[in-house]
Amino acid sequence: MANKYNYHIAYYDVYTVLTQKYSFYELDEKTKELILDYLEEGAEKGNKNCIEQLLLINQQEIKEKTIN
């Protein structure tokens with residue numbers, strides 16, 4: 001749906017499906033990059049869930065850099 005129809009909700013669905021079993025932070029780097037690409041695309045299309053999730057991921061990365 002995301003790729004074929006540019007349906008903005010489907011971009012967040014990619015994140016949801018890929019993080020059902022493991023959290024975003026437990027995934028390999030390639031999968032994280034894929035998720036981030038879809039979240040960014042969804043955010044550009046105005047999907048609020050994508051925007052919120054990107055903000056949460058960025059906040060977590062800032063926390064980790066500050067602690068380490």
# chains A, B, ... in the order shown; residues from 1 in each chain; ligands from 1
>>> residues_around(residues="Asn6 (chain A)", least_positions_apart="6", cutoff="10 Å", atoms="only C-alpha atoms", output="number ranges by chain")
A: 41-42, 45
>>> residues_around(residues="Asn47 (chain A)", least_positions_apart="3", cutoff="8 Å", atoms="only C-alpha atoms", output="PDB file with N, CA, C and O atoms, in the first residue's frame")
ATOM      1  N   HIS A   8      -0.448   7.143   3.139  1.00  0.00           N
ATOM      2  CA  HIS A   8       0.366   7.615   4.256  1.00  0.00           C
ATOM      3  C   HIS A   8       0.253   6.755   5.512  1.00  0.00           C
ATOM      4  O   HIS A   8       1.217   6.624   6.265  1.00  0.00           O
ATOM      5  N   ILE A   9      -0.867   6.129   5.745  1.00  0.00           N
ATOM      6  CA  ILE A   9      -1.028   5.275   6.928  1.00  0.00           C
ATOM      7  C   ILE A   9      -0.181   4.007   6.801  1.00  0.00           C
ATOM      8  O   ILE A   9       0.358   3.501   7.781  1.00  0.00           O
ATOM      9  N   TYR A  12       3.388   3.968   8.354  1.00  0.00           N
ATOM     10  CA  TYR A  12       3.466   3.654   9.780  1.00  0.00           C
ATOM     11  C   TYR A  12       3.230   2.161  10.006  1.00  0.00           C
ATOM     12  O   TYR A  12       3.813   1.565  10.911  1.00  0.00           O
ATOM     13  N   GLY A  42       6.490   8.704   5.487  1.00  0.00           N
ATOM     14  CA  GLY A  42       5.158   8.912   6.046  1.00  0.00           C
ATOM     15  C   GLY A  42       5.025  10.276   6.695  1.00  0.00           C
ATOM     16  O   GLY A  42       3.992  10.941   6.573  1.00  0.00           O
ATOM     17  N   ALA A  43       6.076  10.697   7.389  1.00  0.00           N
ATOM     18  CA  ALA A  43       6.061  12.017   8.023  1.00  0.00           C
ATOM     19  C   ALA A  43       5.960  13.121   6.965  1.00  0.00           C
ATOM     20  O   ALA A  43       5.220  14.091   7.139  1.00  0.00           O
ATOM     21  N   GLU A  44       6.677  12.965   5.883  1.00  0.00           N
ATOM     22  CA  GLU A  44       6.612  13.934   4.786  1.00  0.00           C
ATOM     23  C   GLU A  44       5.212  14.006   4.185  1.00  0.00           C
ATOM     24  O   GLU A  44       4.800  15.053   3.703  1.00  0.00           O
ATOM     25  N   CYS A  50       3.822   8.682  12.252  1.00  0.00           N
ATOM     26  CA  CYS A  50       5.206   8.627  11.790  1.00  0.00           C
ATOM     27  C   CYS A  50       6.023   9.751  12.411  1.00  0.00           C
ATOM     28  O   CYS A  50       7.152   9.530  12.866  1.00  0.00           O
ATOM     29  N   ILE A  51       5.456  10.937  12.453  1.00  0.00           N
ATOM     30  CA  ILE A  51       6.143  12.086  13.036  1.00  0.00           C
ATOM     31  C   ILE A  51       6.441  11.826  14.507  1.00  0.00           C
ATOM     32  O   ILE A  51       7.577  12.027  14.966  1.00  0.00           O
TER      33      ILE A  51
END
>>> atom_distance(atom1="CA of Glu26 (chain A)", atom2="CA of Asp13 (chain A)")
18.3 Å
>>> atom_distance(atom1="CA of Tyr15 (chain A)", atom2="CA of Lys30 (chain A)")
13.3 Å
>>> residues_around(residues="Tyr11 (chain A)", least_positions_apart="5", cutoff="7 Å", atoms="only C-alpha atoms", output="list in words")
Ala2, Tyr38, Leu39 and Gly42 of chain A
>>> closest_residue(among="A:Ile57, A:Thr66, A:Asp37, A:Gly46", to="Ser23 (chain A)", atoms="only C-alpha atoms")
A:Ile57
>>> closest_residue(among="A:Leu55, A:Leu18, A:Ile62, A:Ala10", to="Thr31 (chain A)", atoms="only C-alpha atoms")
A:Leu18
>>> select_by_dssp(residues="chain A", states="helix (DSSP H, G or I)", output="MDAnalysis selection string")
chainID A and resid 2:5 8:18 24:26 29:44 48:67
>>> write_last_selection(atoms="N, CA and C atoms", output="compact mmCIF listing (two decimals), in the first residue's frame")
# COMPACT_ATOMS: atom_id res chain seq x y z
N ALA A 2 1.94 1.23 0.81
CA ALA A 2 2.81 2.41 0.89
C ALA A 2 3.51 2.63 -0.45
N ASN A 3 4.12 1.60 -0.97
CA ASN A 3 4.89 1.76 -2.20
C ASN A 3 4.01 1.96 -3.43
N LYS A 4 2.98 1.17 -3.54
CA LYS A 4 2.16 1.21 -4.74
C LYS A 4 1.21 2.40 -4.77
N TYR A 5 0.60 2.73 -3.62
CA TYR A 5 -0.44 3.76 -3.60
C TYR A 5 -0.06 5.01 -2.81
N HIS A 8 -0.45 7.14 3.14
CA HIS A 8 0.37 7.62 4.26
C HIS A 8 0.25 6.75 5.51
N ILE A 9 -0.87 6.13 5.74
CA ILE A 9 -1.03 5.27 6.93
C ILE A 9 -0.18 4.01 6.80
N ALA A 10 -0.01 3.52 5.60
CA ALA A 10 0.75 2.29 5.37
C ALA A 10 2.23 2.46 5.73
N TYR A 11 2.74 3.68 5.67
CA TYR A 11 4.14 3.90 6.04
C TYR A 11 4.35 3.60 7.53
N TYR A 12 3.39 3.97 8.35
CA TYR A 12 3.47 3.65 9.78
C TYR A 12 3.23 2.16 10.01
N ASP A 13 2.41 1.56 9.18
CA ASP A 13 2.15 0.12 9.29
C ASP A 13 3.44 -0.68 9.12
N VAL A 14 4.33 -0.23 8.27
CA VAL A 14 5.62 -0.91 8.09
C VAL A 14 6.36 -0.95 9.43
N TYR A 15 6.41 0.19 10.10
CA TYR A 15 7.04 0.25 11.43
C TYR A 15 6.35 -0.72 12.40
N THR A 16 5.05 -0.69 12.42
CA THR A 16 4.28 -1.52 13.35
C THR A 16 4.55 -3.00 13.12
N VAL A 17 4.53 -3.43 11.89
CA VAL A 17 4.73 -4.84 11.57
C VAL A 17 6.15 -5.29 11.92
N LEU A 18 7.13 -4.46 11.57
CA LEU A 18 8.52 -4.85 11.79
C LEU A 18 8.94 -4.78 13.27
N PHE A 24 12.38 -1.55 18.27
CA PHE A 24 13.20 -0.92 17.23
C PHE A 24 14.68 -1.05 17.55
N TYR A 25 15.04 -0.90 18.82
CA TYR A 25 16.44 -0.88 19.24
C TYR A 25 17.08 -2.26 19.26
N GLU A 26 16.29 -3.31 19.16
CA GLU A 26 16.82 -4.67 19.13
C GLU A 26 17.06 -5.16 17.70
N GLU A 29 20.86 -3.08 11.95
CA GLU A 29 20.97 -1.74 11.37
C GLU A 29 20.23 -1.59 10.04
N LYS A 30 20.26 -2.63 9.22
CA LYS A 30 19.59 -2.56 7.92
C LYS A 30 18.07 -2.41 8.09
N THR A 31 17.52 -3.15 9.02
CA THR A 31 16.08 -3.07 9.29
C THR A 31 15.72 -1.72 9.88
N LYS A 32 16.57 -1.21 10.78
CA LYS A 32 16.34 0.12 11.35
C LYS A 32 16.31 1.17 10.25
N GLU A 33 17.26 1.08 9.32
CA GLU A 33 17.31 2.04 8.21
C GLU A 33 16.04 1.97 7.37
N LEU A 34 15.57 0.76 7.10
CA LEU A 34 14.34 0.57 6.34
C LEU A 34 13.17 1.23 7.06
N ILE A 35 13.06 0.97 8.35
CA ILE A 35 11.98 1.55 9.15
C ILE A 35 12.06 3.07 9.13
N LEU A 36 13.25 3.60 9.34
CA LEU A 36 13.41 5.06 9.35
C LEU A 36 13.04 5.67 8.01
N ASP A 37 13.39 5.00 6.92
CA ASP A 37 13.02 5.50 5.59
C ASP A 37 11.50 5.59 5.46
N TYR A 38 10.81 4.56 5.90
CA TYR A 38 9.35 4.56 5.81
C TYR A 38 8.72 5.59 6.75
N LEU A 39 9.26 5.71 7.95
CA LEU A 39 8.73 6.71 8.88
C LEU A 39 8.94 8.12 8.33
N GLU A 40 10.10 8.38 7.77
CA GLU A 40 10.38 9.70 7.21
C GLU A 40 9.46 10.00 6.03
N GLU A 41 9.26 9.02 5.18
CA GLU A 41 8.36 9.20 4.04
C GLU A 41 6.94 9.47 4.50
N GLY A 42 6.49 8.70 5.49
CA GLY A 42 5.16 8.91 6.05
C GLY A 42 5.03 10.28 6.70
N ALA A 43 6.08 10.70 7.39
CA ALA A 43 6.06 12.02 8.02
C ALA A 43 5.96 13.12 6.96
N GLU A 44 6.68 12.96 5.88
CA GLU A 44 6.61 13.93 4.79
C GLU A 44 5.21 14.01 4.18
N LYS A 48 0.80 11.66 11.27
CA LYS A 48 1.17 12.09 12.62
C LYS A 48 1.84 10.97 13.42
N ASN A 49 1.42 9.73 13.22
CA ASN A 49 2.06 8.62 13.92
C ASN A 49 3.53 8.49 13.53
N CYS A 50 3.82 8.68 12.25
CA CYS A 50 5.21 8.63 11.79
C CYS A 50 6.02 9.75 12.41
N ILE A 51 5.46 10.94 12.45
CA ILE A 51 6.14 12.09 13.04
C ILE A 51 6.44 11.83 14.51
N GLU A 52 5.44 11.36 15.24
CA GLU A 52 5.62 11.10 16.67
C GLU A 52 6.67 10.02 16.92
N GLN A 53 6.65 8.97 16.12
CA GLN A 53 7.61 7.88 16.32
C GLN A 53 9.02 8.35 16.00
N LEU A 54 9.18 9.14 14.96
CA LEU A 54 10.50 9.69 14.65
C LEU A 54 11.02 10.56 15.79
N LEU A 55 10.15 11.36 16.37
CA LEU A 55 10.55 12.18 17.51
C LEU A 55 10.99 11.32 18.69
N LEU A 56 10.25 10.26 18.97
CA LEU A 56 10.62 9.36 20.07
C LEU A 56 11.97 8.69 19.82
N ILE A 57 12.19 8.25 18.61
CA ILE A 57 13.46 7.61 18.26
C ILE A 57 14.60 8.61 18.40
N ASN A 58 14.41 9.82 17.92
CA ASN A 58 15.44 10.84 18.03
C ASN A 58 15.73 11.18 19.48
N GLN A 59 14.70 11.28 20.30
CA GLN A 59 14.90 11.57 21.73
C GLN A 59 15.70 10.46 22.40
N GLN A 60 15.40 9.22 22.06
CA GLN A 60 16.11 8.08 22.65
C GLN A 60 17.58 8.10 22.22
N GLU A 61 17.84 8.42 20.96
CA GLU A 61 19.22 8.47 20.48
C GLU A 61 19.99 9.57 21.19
N ILE A 62 19.36 10.70 21.44
CA ILE A 62 20.00 11.80 22.16
C ILE A 62 20.32 11.37 23.59
N LYS A 63 19.38 10.68 24.24
CA LYS A 63 19.61 10.18 25.61
C LYS A 63 20.80 9.24 25.65
N GLU A 64 20.86 8.32 24.68
CA GLU A 64 21.94 7.34 24.66
C GLU A 64 23.30 8.01 24.45
N LYS A 65 23.35 9.01 23.58
CA LYS A 65 24.60 9.73 23.34
C LYS A 65 25.02 10.51 24.57
N THR A 66 24.06 11.05 25.29
CA THR A 66 24.35 11.84 26.48
C THR A 66 24.87 10.95 27.60
N ILE A 67 24.28 9.79 27.75
CA ILE A 67 24.68 8.85 28.81
C ILE A 67 26.05 8.27 28.52
